[in-house]
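S.K.: run24.csv is reproduced below (CSV, C-alpha atoms).
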```csv
chain,number,residue,atom,x,y,z
X,1,MET,CA,95.7,130.1,116.6
X,2,SER,CA,97.1,129.8,120.1
X,3,ASP,CA,95.1,126.6,120.4
X,4,VAL,CA,96.9,125.1,117.4
X,5,ARG,CA,100.2,126.1,118.8
X,6,LYS,CA,99.3,124.6,122.2
X,7,GLU,CA,98.3,121.3,120.7
X,8,PHE,CA,101.4,121.1,118.6
X,9,THR,CA,104.0,122.1,121.2
X,10,LYS,CA,102.6,119.9,124.1
X,11,GLY,CA,103.9,116.8,122.3
X,12,LEU,CA,107.5,118.2,122.1
X,13,ILE,CA,108.5,118.4,125.7
X,14,LYS,CA,105.6,118.8,128.2
X,15,ASP,CA,103.8,115.6,127.2
X,16,ASN,CA,106.6,114.0,125.1
X,17,PRO,CA,105.3,110.5,124.4
X,18,VAL,CA,108.5,108.7,125.1
X,19,LEU,CA,110.2,110.7,127.8
X,20,ARG,CA,107.1,111.8,129.7
X,21,LEU,CA,104.3,109.4,129.1
X,22,ALA,CA,106.6,106.3,128.7
X,23,LEU,CA,104.7,105.2,125.5
X,24,GLY,CA,106.4,103.6,122.5
X,25,LEU,CA,109.4,102.4,124.5
X,26,CYS,CA,110.2,99.4,122.4
X,27,PRO,CA,111.1,101.2,119.1
X,28,ALA,CA,112.7,104.0,121.2
X,29,LEU,CA,115.2,101.4,122.5
X,30,ALA,CA,115.5,99.1,119.5
X,31,VAL,CA,116.0,101.5,116.6
X,32,SER,CA,118.1,104.1,118.3
X,33,ALA,CA,121.5,102.6,117.6
X,34,THR,CA,122.1,105.2,114.7
X,35,VAL,CA,120.5,108.5,114.0
X,36,PHE,CA,119.6,107.5,110.5
X,37,ASP,CA,117.5,104.6,111.8
X,38,ALA,CA,115.9,106.8,114.4
X,39,LEU,CA,114.9,109.4,111.8
X,40,GLY,CA,113.5,106.7,109.5
X,41,MET,CA,111.4,105.3,112.3
X,42,GLY,CA,110.3,108.8,113.4
X,43,ILE,CA,109.2,109.8,109.9
X,44,SER,CA,107.2,106.5,109.6
X,45,VAL,CA,105.5,107.1,112.9
X,46,ILE,CA,104.7,110.7,112.0
X,47,PHE,CA,103.0,109.5,108.8
X,48,VAL,CA,101.1,106.7,110.4
X,49,LEU,CA,100.1,108.8,113.4
X,50,THR,CA,98.9,111.7,111.2
X,51,MET,CA,96.9,109.6,108.8
X,52,SER,CA,95.3,107.4,111.5
X,53,ASN,CA,94.4,110.5,113.6
X,54,LEU,CA,92.8,112.0,110.5
X,55,ILE,CA,90.8,109.0,109.6
X,56,VAL,CA,89.7,108.2,113.2
X,57,SER,CA,88.7,111.8,113.7
X,58,LEU,CA,86.6,111.7,110.5
X,59,MET,CA,84.9,108.5,111.6
X,60,ARG,CA,84.5,109.5,115.2
X,61,LYS,CA,80.7,110.0,114.9
X,62,ALA,CA,80.1,106.7,113.0
X,63,VAL,CA,82.1,104.3,115.1
X,64,PRO,CA,80.2,102.4,117.8
X,65,PRO,CA,82.0,102.9,121.1
X,66,LYS,CA,82.1,99.2,122.0
X,67,ILE,CA,84.1,98.1,119.0
X,68,ARG,CA,86.2,101.3,118.6
X,69,ILE,CA,89.5,99.7,119.5
X,70,PRO,CA,89.5,97.0,116.8
X,71,ILE,CA,88.4,99.6,114.3
X,72,PHE,CA,91.3,101.9,115.3
X,73,ILE,CA,93.7,99.0,115.1
X,74,VAL,CA,92.6,98.2,111.5
X,75,VAL,CA,93.0,101.8,110.5
X,76,ILE,CA,96.5,101.9,112.0
X,77,ALA,CA,97.5,98.6,110.5
X,78,THR,CA,96.4,99.8,107.0
X,79,PHE,CA,98.8,102.7,107.2
X,80,VAL,CA,101.5,100.6,108.6
X,81,THR,CA,101.2,98.3,105.7
X,82,ILE,CA,101.5,101.2,103.3
X,83,VAL,CA,104.7,102.4,105.1
X,84,GLU,CA,106.0,98.8,105.0
X,85,MET,CA,105.5,98.5,101.2
X,86,VAL,CA,106.9,102.0,100.4
X,87,MET,CA,109.9,101.6,102.6
X,88,ALA,CA,110.7,98.1,101.2
X,89,ALA,CA,110.5,99.6,97.7
X,90,TYR,CA,112.4,102.8,98.1
X,91,GLN,CA,114.6,102.4,101.2
X,92,PRO,CA,115.5,98.7,101.3
X,93,GLY,CA,118.5,99.3,103.5
X,94,LEU,CA,116.5,101.1,106.1
X,95,TYR,CA,113.8,98.4,105.8
X,96,GLN,CA,116.4,95.8,106.6
X,97,SER,CA,117.9,97.5,109.6
X,98,LEU,CA,114.5,98.4,111.1
X,99,GLY,CA,113.4,94.8,110.4
X,100,ILE,CA,110.6,93.5,112.6
X,101,PHE,CA,110.0,97.0,114.1
X,102,VAL,CA,108.3,98.2,110.9
X,103,PRO,CA,105.2,95.9,111.2
X,104,LEU,CA,105.4,96.5,115.0
X,105,ILE,CA,104.5,100.2,114.5
X,106,VAL,CA,100.9,98.8,114.7
X,107,VAL,CA,101.4,98.1,118.4
X,108,ASN,CA,103.2,101.3,119.2
X,109,CYS,CA,101.1,102.5,122.0
X,110,VAL,CA,101.7,106.2,121.1
X,111,ILE,CA,99.5,105.8,118.0
X,112,LEU,CA,96.6,103.9,119.6
X,113,ALA,CA,96.7,106.2,122.6
X,114,ARG,CA,96.4,109.3,120.4
X,115,SER,CA,93.5,107.8,118.5
X,116,GLU,CA,91.7,106.9,121.7
X,117,ALA,CA,92.5,109.9,123.8
X,118,PHE,CA,92.5,112.7,121.2
X,119,ALA,CA,91.3,112.0,117.6
X,120,SER,CA,88.1,110.2,118.6
X,121,LYS,CA,87.0,113.3,120.5
X,122,ASN,CA,88.3,116.2,118.3
X,123,SER,CA,87.9,117.7,114.9
X,124,PRO,CA,90.1,116.4,112.0
X,125,PHE,CA,92.2,119.6,111.7
X,126,ILE,CA,93.2,119.8,115.4
X,127,SER,CA,93.8,116.0,115.4
X,128,ILE,CA,96.3,116.3,112.6
X,129,ILE,CA,98.1,119.1,114.6
X,130,ASP,CA,98.1,116.8,117.7
X,131,ALA,CA,99.5,113.9,115.6
X,132,LEU,CA,102.3,116.1,114.1
X,133,GLY,CA,103.3,117.4,117.6
X,134,MET,CA,103.3,113.9,119.1
X,135,GLY,CA,105.1,112.5,116.1
X,136,VAL,CA,107.8,115.1,116.2
X,137,GLY,CA,108.1,114.7,119.9
X,138,PHE,CA,108.6,110.9,119.4
X,139,THR,CA,111.2,111.5,116.6
X,140,PHE,CA,113.0,114.1,118.9
X,141,ALA,CA,113.2,111.5,121.7
X,142,LEU,CA,114.5,108.8,119.4
X,143,THR,CA,117.0,111.1,117.8
X,144,MET,CA,118.3,112.2,121.2
X,145,ILE,CA,118.9,108.7,122.4
X,146,ALA,CA,120.4,107.8,119.0
X,147,THR,CA,122.7,110.8,119.1
X,148,VAL,CA,124.2,109.7,122.4
X,149,ARG,CA,124.5,106.1,121.3
X,150,GLU,CA,125.9,106.7,117.9
X,151,ILE,CA,128.5,109.3,119.0
X,152,LEU,CA,129.7,107.2,121.9
X,153,GLY,CA,129.3,103.8,120.2
X,154,ASN,CA,130.6,104.6,116.8
X,155,GLY,CA,132.1,108.1,116.9
X,156,THR,CA,129.8,109.3,114.1
X,157,TRP,CA,126.6,111.3,113.8
X,158,LEU,CA,124.2,110.5,111.0
X,159,GLY,CA,127.1,108.8,109.3
X,160,PHE,CA,129.6,111.7,109.6
X,161,THR,CA,132.6,111.2,111.8
X,162,VAL,CA,132.5,113.6,114.7
X,163,ALA,CA,134.9,112.1,117.2
X,164,PRO,CA,138.7,112.7,117.1
X,165,SER,CA,140.6,110.0,115.3
X,166,ASP,CA,142.1,108.5,118.4
X,167,PHE,CA,138.6,108.0,119.9
X,168,GLN,CA,138.0,104.5,121.1
X,169,PRO,CA,134.3,103.7,120.5
X,170,VAL,CA,132.3,102.2,123.3
X,171,LEU,CA,130.9,99.1,121.6
X,172,LEU,CA,128.5,98.6,124.5
X,173,MET,CA,126.5,101.6,123.5
X,174,MET,CA,125.6,100.1,120.2
X,175,LEU,CA,124.4,96.9,121.9
X,176,ALA,CA,121.3,96.3,123.9
X,177,PRO,CA,122.6,97.4,127.3
X,178,GLY,CA,123.6,100.8,125.9
X,179,ALA,CA,120.0,101.5,124.9
X,180,PHE,CA,118.7,100.7,128.3
X,181,ILE,CA,121.3,102.7,130.2
X,182,THR,CA,121.0,105.7,127.9
X,183,MET,CA,117.2,105.7,128.2
X,184,GLY,CA,117.5,105.5,132.0
X,185,LEU,CA,119.9,108.4,132.2
X,186,ILE,CA,117.9,110.6,129.9
X,187,LEU,CA,114.7,109.9,131.9
X,188,ALA,CA,116.6,110.7,135.1
X,189,TRP,CA,117.9,113.9,133.5
X,190,PHE,CA,114.3,115.0,132.7
X,191,ASN,CA,113.2,114.2,136.2
X,192,TRP,CA,116.1,116.2,137.6
X,193,MET,CA,115.1,119.2,135.4
X,194,ASP,CA,111.5,119.0,136.7
X,195,ASP,CA,112.8,119.0,140.2
X,196,GLN,CA,115.0,122.0,139.6
X,197,LYS,CA,112.1,123.9,138.0
X,198,GLU,CA,109.9,123.0,141.0
X,199,LYS,CA,112.5,124.2,143.4
X,200,HIS,CA,112.9,127.4,141.5
X,201,LEU,CA,109.2,128.0,141.4
X,202,LYS,CA,108.9,127.4,145.1
X,203,ALA,CA,111.8,129.8,145.8
X,204,THR,CA,110.2,132.6,143.8
X,205,PHE,CA,106.9,131.9,145.4
X,206,MET,CA,108.3,132.2,148.9
X,207,LEU,CA,110.1,135.4,147.8
X,208,ASP,CA,106.8,136.9,146.6
X,209,GLU,CA,105.1,136.0,149.8
X,210,LYS,CA,107.8,137.7,151.8
X,211,GLU,CA,107.6,140.8,149.8
X,212,ALA,CA,103.8,140.9,150.2
X,213,LYS,CA,104.2,140.8,153.9
B,1,MET,CA,111.9,65.3,113.5
B,2,ASP,CA,115.1,67.0,114.4
B,3,PHE,CA,115.2,67.7,118.1
B,4,SER,CA,118.6,69.5,118.1
B,5,ASN,CA,117.0,72.1,115.9
B,6,LEU,CA,114.2,72.7,118.5
B,7,LEU,CA,116.8,73.0,121.2
B,8,VAL,CA,118.6,75.7,119.3
B,9,ILE,CA,115.4,77.6,119.1
B,10,VAL,CA,114.6,77.2,122.8
B,11,VAL,CA,118.1,78.3,124.0
B,12,GLY,CA,118.2,81.0,121.4
B,13,SER,CA,114.8,82.5,122.4
B,14,ILE,CA,115.2,82.2,126.1
B,15,LEU,CA,118.9,83.2,126.6
B,16,ILE,CA,120.8,84.4,123.6
B,17,ASN,CA,118.1,86.6,121.9
B,18,ASN,CA,116.0,87.1,125.0
B,19,PHE,CA,112.9,88.9,123.9
B,20,VAL,CA,113.2,91.7,126.4
B,21,LEU,CA,116.9,92.2,126.9
B,22,ALA,CA,118.2,91.6,123.4
B,23,ARG,CA,115.3,92.2,121.0
B,24,PHE,CA,113.6,95.0,123.0
B,25,LEU,CA,110.1,93.5,122.7
B,26,GLY,CA,107.5,93.9,125.4
B,27,ILE,CA,109.4,96.8,127.2
B,28,CYS,CA,106.1,98.4,128.4
B,29,PRO,CA,104.9,95.5,130.5
B,30,TYR,CA,108.5,94.8,131.5
B,31,ILE,CA,108.8,98.2,133.1
B,32,GLY,CA,105.1,98.6,134.1
B,33,VAL,CA,104.3,95.2,135.7
B,34,SER,CA,107.7,94.5,137.4
B,35,LYS,CA,107.1,96.2,140.7
B,36,LYS,CA,105.6,93.2,142.4
B,37,LEU,CA,106.8,89.6,142.2
B,38,ASP,CA,103.3,88.1,142.2
B,39,SER,CA,102.0,90.2,139.4
B,40,ALA,CA,105.2,89.6,137.4
B,41,ILE,CA,104.6,85.9,137.6
B,42,GLY,CA,100.9,86.3,136.7
B,43,MET,CA,101.8,88.4,133.7
B,44,GLY,CA,104.5,86.0,132.6
B,45,MET,CA,102.2,83.0,132.7
B,46,ALA,CA,99.6,84.9,130.7
B,47,VAL,CA,102.2,85.9,128.1
B,48,ILE,CA,103.5,82.4,127.7
B,49,PHE,CA,99.9,81.2,127.2
B,50,VAL,CA,98.9,83.8,124.7
B,51,MET,CA,102.2,83.7,122.8
B,52,THR,CA,101.9,79.9,122.3
B,53,ILE,CA,98.4,80.1,120.8
B,54,ALA,CA,99.2,83.3,118.9
B,55,SER,CA,102.1,81.4,117.3
B,56,MET,CA,99.9,78.6,116.3
B,57,ALA,CA,97.0,80.7,115.0
B,58,SER,CA,99.2,83.2,113.1
B,59,TRP,CA,101.1,80.3,111.4
B,60,ILE,CA,97.9,78.7,110.3
B,61,ILE,CA,96.5,82.0,109.0
B,62,TYR,CA,99.7,82.9,107.2
B,63,TYR,CA,100.2,79.6,105.4
B,64,TYR,CA,96.6,78.7,104.7
B,65,LEU,CA,95.1,82.1,103.9
B,66,LEU,CA,97.9,84.4,102.9
B,67,HIS,CA,100.9,82.6,101.4
B,68,PRO,CA,100.6,82.4,97.6
B,69,GLU,CA,101.9,78.8,97.3
B,70,THR,CA,100.1,77.1,100.1
B,71,ASN,CA,96.8,79.1,100.6
B,72,ILE,CA,93.4,77.7,99.9
B,73,TRP,CA,92.5,80.4,97.4
B,74,GLY,CA,95.0,78.8,94.9
B,75,GLY,CA,97.7,81.3,94.0
B,76,TYR,CA,96.6,84.8,95.2
B,77,ASP,CA,99.4,86.5,97.0
B,78,LEU,CA,97.9,88.1,100.1
B,79,THR,CA,101.0,88.3,102.1
B,80,PHE,CA,100.8,92.1,102.2
B,81,LEU,CA,97.8,91.6,104.6
B,82,ARG,CA,100.1,90.0,107.1
B,83,THR,CA,100.3,92.8,109.6
B,84,ILE,CA,96.6,93.5,109.6
B,85,ALA,CA,95.6,89.8,109.8
B,86,PHE,CA,98.0,89.1,112.6
B,87,ILE,CA,97.0,92.0,114.8
B,88,LEU,CA,93.3,91.1,114.3
B,89,VAL,CA,93.9,87.5,115.1
B,90,ILE,CA,95.8,88.3,118.2
B,91,ALA,CA,93.3,90.8,119.4
B,92,SER,CA,90.3,88.5,118.9
B,93,LEU,CA,92.2,85.6,120.3
B,94,VAL,CA,93.0,87.4,123.5
B,95,GLN,CA,89.4,88.4,123.8
B,96,PHE,CA,88.3,84.8,123.2
B,97,VAL,CA,90.8,83.3,125.6
B,98,GLU,CA,89.6,85.8,128.3
B,99,MET,CA,86.0,84.7,127.8
B,100,VAL,CA,86.8,81.0,127.9
B,101,ILE,CA,88.9,81.2,131.0
B,102,GLN,CA,86.3,83.3,132.7
B,103,LYS,CA,83.6,80.7,132.1
B,104,THR,CA,85.7,77.5,132.6
B,105,ALA,CA,88.3,78.4,135.2
B,106,PRO,CA,87.3,81.3,137.4
B,107,ALA,CA,90.3,80.8,139.7
B,108,LEU,CA,92.7,81.1,136.9
B,109,TYR,CA,90.8,84.1,135.5
B,110,ASN,CA,91.1,85.9,138.8
B,111,SER,CA,94.9,85.5,138.8
B,112,LEU,CA,95.5,86.1,135.0
B,113,GLY,CA,92.4,88.0,134.0
B,114,ILE,CA,93.6,91.6,134.5
B,115,PHE,CA,96.7,90.9,132.5
B,116,LEU,CA,95.0,89.6,129.4
B,117,PRO,CA,93.7,92.9,127.9
B,118,LEU,CA,97.2,94.4,128.4
B,119,ILE,CA,98.7,91.7,126.2
B,120,THR,CA,96.9,92.7,123.0
B,121,THR,CA,99.1,95.7,122.7
B,122,ASN,CA,102.2,93.9,124.0
B,123,CYS,CA,104.5,94.1,121.0
B,124,ALA,CA,106.2,90.8,122.0
B,125,VAL,CA,103.1,88.8,121.0
B,126,LEU,CA,102.9,90.3,117.5
B,127,GLY,CA,106.7,90.2,117.4
B,128,VAL,CA,106.9,86.4,117.9
B,129,ALA,CA,104.2,85.9,115.2
B,130,VAL,CA,106.1,88.0,112.7
B,131,LEU,CA,109.5,86.4,113.7
B,132,ASN,CA,108.1,82.9,113.2
B,133,ILE,CA,107.3,83.9,109.6
B,134,ASP,CA,110.5,85.8,108.9
B,135,GLU,CA,112.6,82.8,110.1
B,136,ASN,CA,110.6,80.4,108.0
B,137,TYR,CA,109.8,78.2,111.0
B,138,THR,CA,107.6,75.1,110.6
B,139,PHE,CA,104.4,74.7,112.6
B,140,ILE,CA,106.2,72.8,115.4
B,141,GLU,CA,109.1,75.1,115.4
B,142,SER,CA,106.7,78.1,115.7
B,143,ILE,CA,105.0,76.6,118.7
B,144,VAL,CA,108.3,75.9,120.4
B,145,ASN,CA,109.5,79.4,119.6
B,146,GLY,CA,106.3,80.8,121.0
B,147,ILE,CA,106.7,79.0,124.3
B,148,ALA,CA,110.4,79.7,124.5
B,149,ALA,CA,109.9,83.4,123.8
B,150,GLY,CA,107.2,83.6,126.6
B,151,VAL,CA,109.5,81.8,129.0
B,152,GLY,CA,112.3,84.2,128.1
B,153,PHE,CA,110.0,87.2,128.7
B,154,THR,CA,108.9,85.7,132.1
B,155,LEU,CA,112.4,85.0,133.1
B,156,ALA,CA,113.5,88.6,132.5
B,157,LEU,CA,110.3,90.0,134.1
B,158,VAL,CA,110.5,87.8,137.3
B,159,LEU,CA,114.3,88.6,137.7
B,160,MET,CA,113.5,92.3,137.4
B,161,ALA,CA,110.6,92.1,139.8
B,162,GLY,CA,112.8,90.4,142.4
B,163,ILE,CA,115.4,93.1,142.1
B,164,ARG,CA,112.8,96.0,142.2
B,165,GLU,CA,111.3,94.7,145.4
B,166,ARG,CA,114.7,95.0,147.0
B,167,LEU,CA,115.2,98.4,145.4
B,168,GLU,CA,112.2,99.7,147.3
B,169,LEU,CA,114.5,99.6,150.4
B,170,ALA,CA,117.5,101.2,148.7
B,171,ASN,CA,118.5,104.8,149.0
B,172,ILE,CA,118.4,106.1,145.4
B,173,PRO,CA,118.9,109.7,144.2
B,174,LYS,CA,115.5,111.4,143.7
B,175,ALA,CA,115.9,111.9,140.0
B,176,LEU,CA,116.6,108.2,139.4
B,177,GLN,CA,113.7,106.8,141.4
B,178,GLY,CA,111.1,104.7,139.7
B,179,VAL,CA,111.4,104.2,136.0
B,180,PRO,CA,115.0,105.5,135.3
B,181,ILE,CA,116.6,103.1,137.8
B,182,ALA,CA,114.6,100.3,136.3
B,183,PHE,CA,116.1,101.0,132.9
B,184,ILE,CA,119.6,101.1,134.3
B,185,MET,CA,118.9,97.8,136.0
B,186,ALA,CA,117.7,96.4,132.7
B,187,GLY,CA,120.9,97.6,131.1
B,188,LEU,CA,123.0,95.8,133.7
B,189,MET,CA,120.8,92.6,133.2
B,190,ALA,CA,121.3,93.0,129.4
B,191,ILE,CA,125.1,93.1,130.0
B,192,ALA,CA,124.8,89.8,131.9
B,193,PHE,CA,122.7,88.3,129.1
B,194,LEU,CA,125.3,89.3,126.5
B,195,GLY,CA,127.4,86.6,128.1
B,196,PHE,CA,125.1,84.0,126.6
B,197,SER,CA,125.8,85.2,123.1
B,198,GLY,CA,129.0,83.2,123.3
B,199,LEU,CA,126.9,80.1,123.8
B,200,LYS,CA,127.1,77.6,120.9
B,201,VAL,CA,124.4,75.0,120.5
B,202,GLY,CA,124.1,72.3,117.9
```
Could you express the structure from this file as structure tokens?
M.R.:
Amino acid sequence: MSDVRKEFTKGLIKDNPVLRLALGLCPALAVSATVFDALGMGISVIFVLTMSNLIVSLMRKAVPPKIRIPIFIVVIATFVTIVEMVMAAYQPGLYQSLGIFVPLIVVNCVILARSEAFASKNSPFISIIDALGMGVGFTFALTMIATVREILGNGTWLGFTVAPSDFQPVLLMMLAPGAFITMGLILAWFNWMDDQKEKHLKATFMLDEKEAK
Amino acid sequence: MDFSNLLVIVVGSILINNFVLARFLGICPYIGVSKKLDSAIGMGMAVIFVMTIASMASWIIYYYLLHPETNIWGGYDLTFLRTIAFILVIASLVQFVEMVIQKTAPALYNSLGIFLPLITTNCAVLGVAVLNIDENYTFIESIVNGIAAGVGFTLALVLMAGIRERLELANIPKALQGVPIAFIMAGLMAIAFLGFSGLKVG
């Protein structure tokens, strides 16, 4: 059980695909203008990632290693097509605003990386857990960026007004530069937290050593 | 043939809707391969090359095999296979180009070779193929858009590499070093490129 929890939680913060491994950066920047788009993208990626991890894991003994990458890509593309058709039918507004980034889920490196690095070597059940963890981590990163951008750029969160009425929205945050700068600052924040943790660990370690003496 | 139309596509893809800085396509190589000017130029050339042939191949595949009104099967609507068909075409095309260059032009292969496998998962290549279809471009327009998109990507990449080589010498706070400062730089460049959105052509 602890294994399951470990595989699930590693994707959230420790190995977060966007913020730690720098995978899937394009959608993280492009569809993070509003929280609604970010969640839509996140849920699509969770679905594709889970299904492709499941199938790849089931096929892992039958796939010849030399042509594994094309096979993985076809599996992923199949599920992306399903997402495309379902989203176009039931969420046409979301489909419009995500635009070209729906078919581009195929080349989202997070998905191929998990197929290659995890699902092709592990059992179906644990692969699904890994996919869910990574997918939720991806959604979490997107939502975080989108939260900053939507509040500063539009004064709303998930469509609800949160800013005071005399708030002057920073239009720049909704445009391309806002995405890059927010991303840079969030990555820097994560680096800084790592640094602090390391310093803290070092300090306690030295204290322990002193006491031992 | 209406040349002003092509000019609009060229200026649009290179400056106004720059693939990296306005459309967010190909961010991974943009951040990953922009540390050195030489490799940035190599990558840029490889991307221009692959994007051009990918635009051609995907246009032919879409209109002759998938589109219900023009395909050779006579009326079957296979457009739902677009994503799968395009990614397969691009992946095999990149592989094929790599083999051809390796056999015919070893010197070119040595300078471009290592970048070619990376391009398969470069979303800018699939992006340009999908955009060509979404915008209903003709065959010529697709090719021009492919070249222009590649040039736009190269422009952004080379500018970034030039700046990052200088950044090596700068005194940056520890938390911002590496990727974070690259993103902030990209943000500043995107602000500069926003200026082009006022440009009117045609």
S.K.: Applying 12 Å and all atoms listed in the file, which residues near Leu116 of chain B remain after dropping the ones on its own chain fewer than 3 positions away? List them as number ranges by chain.
M.R.: B: 29, 42-51, 90-102, 108-113, 119-122, 125
S.K.: Using all atoms listed in the file, I'd like a table of the residues in chain X that come within 10 Å of chain B; for each, show the closest atom pair and its distance in Å rounded to one decimal, ordered by chain and ascending number, as CSV.
M.R.:
```
residue,atom,partner,partner_atom,distance
X:Ala22,CA,B:Cys28,CA,7.9
X:Leu23,CA,B:Cys28,CA,7.5
X:Gly24,CA,B:Cys28,CA,7.9
X:Leu25,CA,B:Ile27,CA,6.2
X:Cys26,CA,B:Ile27,CA,5.5
X:Pro27,CA,B:Phe24,CA,7.7
X:Ala28,CA,B:Phe24,CA,9.2
X:Leu29,CA,B:Phe24,CA,6.6
X:Ala30,CA,B:Phe24,CA,5.7
X:Val31,CA,B:Phe24,CA,9.4
X:Ile69,CA,B:Ala91,CA,9.7
X:Pro70,CA,B:Leu88,CA,7.4
X:Ile71,CA,B:Leu88,CA,9.8
X:Ile73,CA,B:Ile87,CA,7.7
X:Val74,CA,B:Ile84,CA,6.5
X:Val75,CA,B:Ile84,CA,9.1
X:Ile76,CA,B:Ile84,CA,8.7
X:Ala77,CA,B:Ile84,CA,5.3
X:Thr78,CA,B:Ile84,CA,6.8
X:Phe79,CA,B:Ile84,CA,9.8
X:Val80,CA,B:Thr83,CA,8.0
X:Thr81,CA,B:Thr83,CA,6.8
X:Ile82,CA,B:Phe80,CA,9.2
X:Glu84,CA,B:Phe80,CA,8.9
X:Met85,CA,B:Phe80,CA,8.0
X:Gly99,CA,B:Asp134,CA,9.6
X:Ile100,CA,B:Gly127,CA,7.0
X:Phe101,CA,B:Gly127,CA,8.2
X:Val102,CA,B:Thr83,CA,9.7
X:Pro103,CA,B:Thr83,CA,6.0
X:Leu104,CA,B:Cys123,CA,6.5
X:Ile105,CA,B:Cys123,CA,8.9
X:Val106,CA,B:Ile87,CA,7.8
X:Val107,CA,B:Thr121,CA,5.4
X:Asn108,CA,B:Cys123,CA,7.5
X:Cys109,CA,B:Thr121,CA,7.1
X:Leu112,CA,B:Thr121,CA,9.1
X:Leu172,CA,B:Ile191,CA,8.5
X:Leu175,CA,B:Ala22,CA,8.3
X:Ala176,CA,B:Ala22,CA,5.7
X:Pro177,CA,B:Gly187,CA,4.2
X:Gly178,CA,B:Gly187,CA,6.7
X:Ala179,CA,B:Gly187,CA,7.4
X:Phe180,CA,B:Gly187,CA,4.7
X:Ile181,CA,B:Ile184,CA,4.7
X:Thr182,CA,B:Ile184,CA,8.0
X:Met183,CA,B:Phe183,CA,6.7
X:Gly184,CA,B:Pro180,CA,4.1
X:Leu185,CA,B:Pro180,CA,6.5
X:Ile186,CA,B:Pro180,CA,8.0
X:Leu187,CA,B:Pro180,CA,5.6
X:Ala188,CA,B:Leu176,CA,5.0
X:Trp189,CA,B:Ala175,CA,7.1
X:Phe190,CA,B:Ala175,CA,8.1
X:Asn191,CA,B:Ala175,CA,5.2
X:Trp192,CA,B:Ala175,CA,4.9
X:Met193,CA,B:Ala175,CA,8.7
X:Asp194,CA,B:Ala175,CA,9.0
X:Asp195,CA,B:Ala175,CA,7.7
```
S.K.: Taking only C-alpha atoms into account, which of B:Ser142, B:Asn171, B:Thr154, B:Thr104 comes nearest Leu15 of chain B?
M.R.: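 Closest candidate: B:Thr154.
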S.K.: Give me, please, the distance in Å between atom CA of Ser44 of chain X and atom CA of Thr143 of chain X, quoted to one decimal.
M.R.: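 Interatomic distance here is 13.6 Å.
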S.K.: What does the distance from atom CA of Tyr62 of chain B to atom CA of Ala156 of chain B come to in Å, to one decimal?
M.R.: 29.4 Å
S.K.: Neighbourhood query: residues within 12 Å of (90.3, 115.3, 117.0), file coordinates, counting all atoms listed in the file; return as number ranges by chain.
M.R.: X: 4, 7, 50-61, 114-131
S.K.: Give me, please, the distance in Å between atom CA of Val45 of chain X and atom CA of Ala113 of chain X, quoted to one decimal.
M.R.: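 Computing the Euclidean distance for atom CA of Val45 of chain X and atom CA of Ala113 of chain X yields 13.1 Å.
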S.K.: Quick one: residues within 8 Å of Ile143 of chain B, all atoms listed in the file counted, chain neighbours fewer than 2 positions away excluded, as a list of chain:residue names?
M.R.: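 Everything that qualifies: B:Thr52, B:Ile53, B:Ser55, B:Met56, B:Phe139, B:Ile140, B:Glu141, B:Asn145, B:Gly146, B:Ile147.
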S.K.: Please return as a VMD selection string every residue within 12 Å of (116.0, 96.4, 146.3), taking into account all atoms listed in the file and the file's own coordinates.
M.R.: chain B and resid 35 to 36 159 to 172 177 to 178 181 to 182 185
S.K.: Using all atoms listed in the file, pick whichever of X:Ala203, X:Ala141, X:Leu171, X:Val83 has the shortest atom-to-atom distance to Val48 of chain X.
M.R.: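 Smallest distance to Val48 of chain X is found for X:Val83.
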S.K.: Using only C-alpha atoms, which protein or nucleic acid residues come within 8 Å of Ala33 of chain X? Drop anything in the same chain fewer than 5 positions from it, and give the result as number ranges by chain.
M.R.: X: 38, 146, 149-150, 173-175, 179
S.K.: Mind dumping the selected residues with C-alpha atoms as a PDB file, in the coordinates of the input?
M.R.:
```pdb
ATOM      1  CA  ALA X  38     115.900 106.800 114.400  1.00  0.00           C
ATOM      2  CA  ALA X 146     120.400 107.800 119.000  1.00  0.00           C
ATOM      3  CA  ARG X 149     124.500 106.100 121.300  1.00  0.00           C
ATOM      4  CA  GLU X 150     125.900 106.700 117.900  1.00  0.00           C
ATOM      5  CA  MET X 173     126.500 101.600 123.500  1.00  0.00           C
ATOM      6  CA  MET X 174     125.600 100.100 120.200  1.00  0.00           C
ATOM      7  CA  LEU X 175     124.400  96.900 121.900  1.00  0.00           C
ATOM      8  CA  ALA X 179     120.000 101.500 124.900  1.00  0.00           C
TER       9      ALA X 179
END
```
